[in-house]
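J.: Sharing a structure here in structure tokens format.
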Amino acid sequence: MRRSFGRWDTLMKERICPARQGALFMDDAYTFSDWNGDGIPDLKVIKDQWEMHTGEISDLWTYQDNRFIKVKGFDKIISAQYDKKTRLIYSYMSTGCADMSMYFGVFKITGSEARPVKQLNCDCCNGDSCTITINGLQPYNVPIGQAYKHVPAYFAEGVKEKCLMK
């Protein structure tokens, strides 16, 4: 909704059903920020979040041609984070094992669609090595201290610190 000339107009009409927001505060349910690198704030609305292996799923509307357009596929990105430097969207989710099993995704918005660039699993649960699987291809093993070199650079430092603690 927006207020215009003393009355409220609807900018978009979308029903998110079922909407699960757990402990989410209403002020955090939506944000306006640039998600496609055009310098114009877009609208992100969280429609689901969870606390176990924390994460969220959101819808995104980019502002184009004086209106909001829903980005197809954005609701498949877990805990999306936009990096202005690379103009890519990064995703991270712990998949268990005291956060030593990890999913990473890299996405790009093209037009009104979020498209995967790279999806990677890094499983460091078994001893001194990690199993890396990129885009569902044949997995390979690396020493645990080298795992950070195989994940997206956006997350590399965090993975390096985590693996040094093990």
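Chain lettering (A, B, ...) mirrors the order of the structure tokens, residue numbering begins at 1 for each chain separately, and ligand numbering begins at 1 in order of display.
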Might you pull out every residue within 9 Å of Asp34 in chain A, with only C-alpha atoms counted and same-chain residues fewer than 5 positions away left off, and present them as a ChimeraX atom specification?
T.: /A:39-43,62,82,84
J.: Export, as a short mmCIF file (atom, residue, chain, number, x, y, z; two decimals), in the first residue's frame, the selected residues with N, CA and C atoms.
T.:
```
data_model
loop_
_atom_site.label_atom_id
_atom_site.label_comp_id
_atom_site.auth_asym_id
_atom_site.auth_seq_id
_atom_site.Cartn_x
_atom_site.Cartn_y
_atom_site.Cartn_z
N GLY A 39 20.23 0.00 -8.88
CA GLY A 39 20.22 1.21 -8.07
C GLY A 39 18.85 1.59 -7.55
N ILE A 40 17.82 0.81 -7.87
CA ILE A 40 16.45 1.08 -7.43
C ILE A 40 16.06 0.06 -6.36
N PRO A 41 15.57 0.52 -5.21
CA PRO A 41 15.18 -0.43 -4.16
C PRO A 41 14.06 -1.37 -4.64
N ASP A 42 14.21 -2.64 -4.29
CA ASP A 42 13.23 -3.67 -4.59
C ASP A 42 12.60 -4.11 -3.28
N LEU A 43 11.54 -4.89 -3.35
CA LEU A 43 10.80 -5.31 -2.16
C LEU A 43 10.99 -6.80 -1.92
N THR A 62 11.04 -6.90 -8.00
CA THR A 62 11.92 -5.82 -8.45
C THR A 62 11.06 -4.70 -9.01
N TYR A 82 22.33 -10.52 -1.03
CA TYR A 82 22.81 -9.89 -2.27
C TYR A 82 24.18 -9.27 -2.04
N LYS A 84 26.65 -6.63 -3.65
CA LYS A 84 26.74 -5.55 -4.65
C LYS A 84 28.00 -5.67 -5.50
#
```
J.: Show me, as a PyMOL selection string, the residues that have an atom within 6 Å of Ile78 in chain A when counting only C-alpha atoms, minus same-chain residues fewer than 4 positions from it.
T.: chain A and resi 56-57+91
J.: With C-alpha atoms retained, export the selected residues as a compact mmCIF listing (two decimals), in the first residue's frame.
T.:
```
# COMPACT_ATOMS: atom_id res chain seq x y z
CA GLU A 56 14.20 -18.09 5.57
CA ILE A 57 12.31 -18.19 2.30
CA SER A 91 22.51 -18.70 -0.28
```
J.: Do a neighbour search on range 143-146 of chain A at 6 Å with only C-alpha atoms, toss out local chain neighbours closer than 5 positions, and write the hits as a PyMOL selection string.
T.: chain A and resi 128-130
J.: Using DSSP secondary structure from the backbone, list all strand (DSSP E or B) positions within chain A, as a count of residues only.
T.: 77
J.: Set the distance at 12 Å and use only C-alpha atoms: which residues neighbour Gly105 in chain A once local chain neighbours fewer than 2 positions away are removed? I'd like the list as a ChimeraX atom specification.
T.: /A:74,76-82,88-94,102-103,107-108,114-122,133-135,151-155
J.: What separation in Å, quoted to one decimal, exists between CA of Lys85 in chain A and CA of Ile109 in chain A?
T.: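 Spanning CA of Lys85 in chain A to CA of Ile109 in chain A is a straight-line distance of 14.5 Å.
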J.: Kindly indicate which residue among A:Thr54, A:Ser112, A:Thr95, A:Thr86 lies nearest to Ile69 in chain A, using only C-alpha atoms for the distances.
T.: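 Residue with the minimum atom-to-atom distance to Ile69 in chain A: A:Ser112.
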J.: Any chance you could list, as number ranges by chain, the residues in chain A that come up alpha helix (DSSP H) when DSSP is run on the backbone?
T.: A: 153-165
J.: For CA of Leu164 in chain A and CA of Glu51 in chain A, determine how far apart the two atoms are, in Å to one decimal place.
T.: 25.3 Å
J.: Determine the nearest neighbour of Lys44 in chain A from the options A:Met100, A:Val71, A:Gln64, A:Ile132, counting only C-alpha atoms.
T.: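 For Lys44 in chain A, the nearest of the candidates is A:Val71.
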J.: For the atom pair CA of Thr31 in chain A and CA of Gly96 in chain A, what is the interatomic distance in Å to one decimal place?
T.: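 Between CA of Thr31 in chain A and CA of Gly96 in chain A the gap is 28.8 Å.
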J.: Pick out the residues sitting within 6 Å of Val159 in chain A, and hand them over as a PDB file with N, CA and C atoms, in the first residue's frame; count only C-alpha atoms, and ignore anything fewer than 3 positions along from it in its own chain.
T.:
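Written file, selection22.pdb:
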```pdb
ATOM      1  N   TYR A 148      37.599 -24.398   2.432  1.00  0.00           N
ATOM      2  CA  TYR A 148      37.223 -23.012   2.147  1.00  0.00           C
ATOM      3  C   TYR A 148      37.593 -22.580   0.730  1.00  0.00           C
ATOM      4  N   ALA A 156      33.904 -18.084   2.057  1.00  0.00           N
ATOM      5  CA  ALA A 156      35.164 -18.789   2.287  1.00  0.00           C
ATOM      6  C   ALA A 156      35.765 -18.519   3.671  1.00  0.00           C
ATOM      7  N   LYS A 162      35.559 -22.066  10.631  1.00  0.00           N
ATOM      8  CA  LYS A 162      34.809 -23.203  11.148  1.00  0.00           C
ATOM      9  C   LYS A 162      35.624 -24.490  11.072  1.00  0.00           C
TER      10      LYS A 162
END
```
J.: Tell me which of A:Asp59, A:Glu161, A:Asp48, A:Asp38 sits closest to Gly73 in chain A, counting only C-alpha atoms.
T.: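 When distances to Gly73 in chain A are compared using only C-alpha atoms, the smallest one comes from A:Asp59.
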J.: Using only C-alpha atoms, determine which residues lie at most 12 Å from Asn126 in chain A, disregarding the query and same-chain residues fewer than 5 positions distant; provide the list as a ChimeraX atom specification.
T.: /A:97-98,100-101,131,141-144,166
J.: For Ser33 in chain A, which residue out of A:Asp83, A:Glu113, A:Asp123, A:Glu157 is the nearest one, using only C-alpha atoms?
T.: A:Asp83
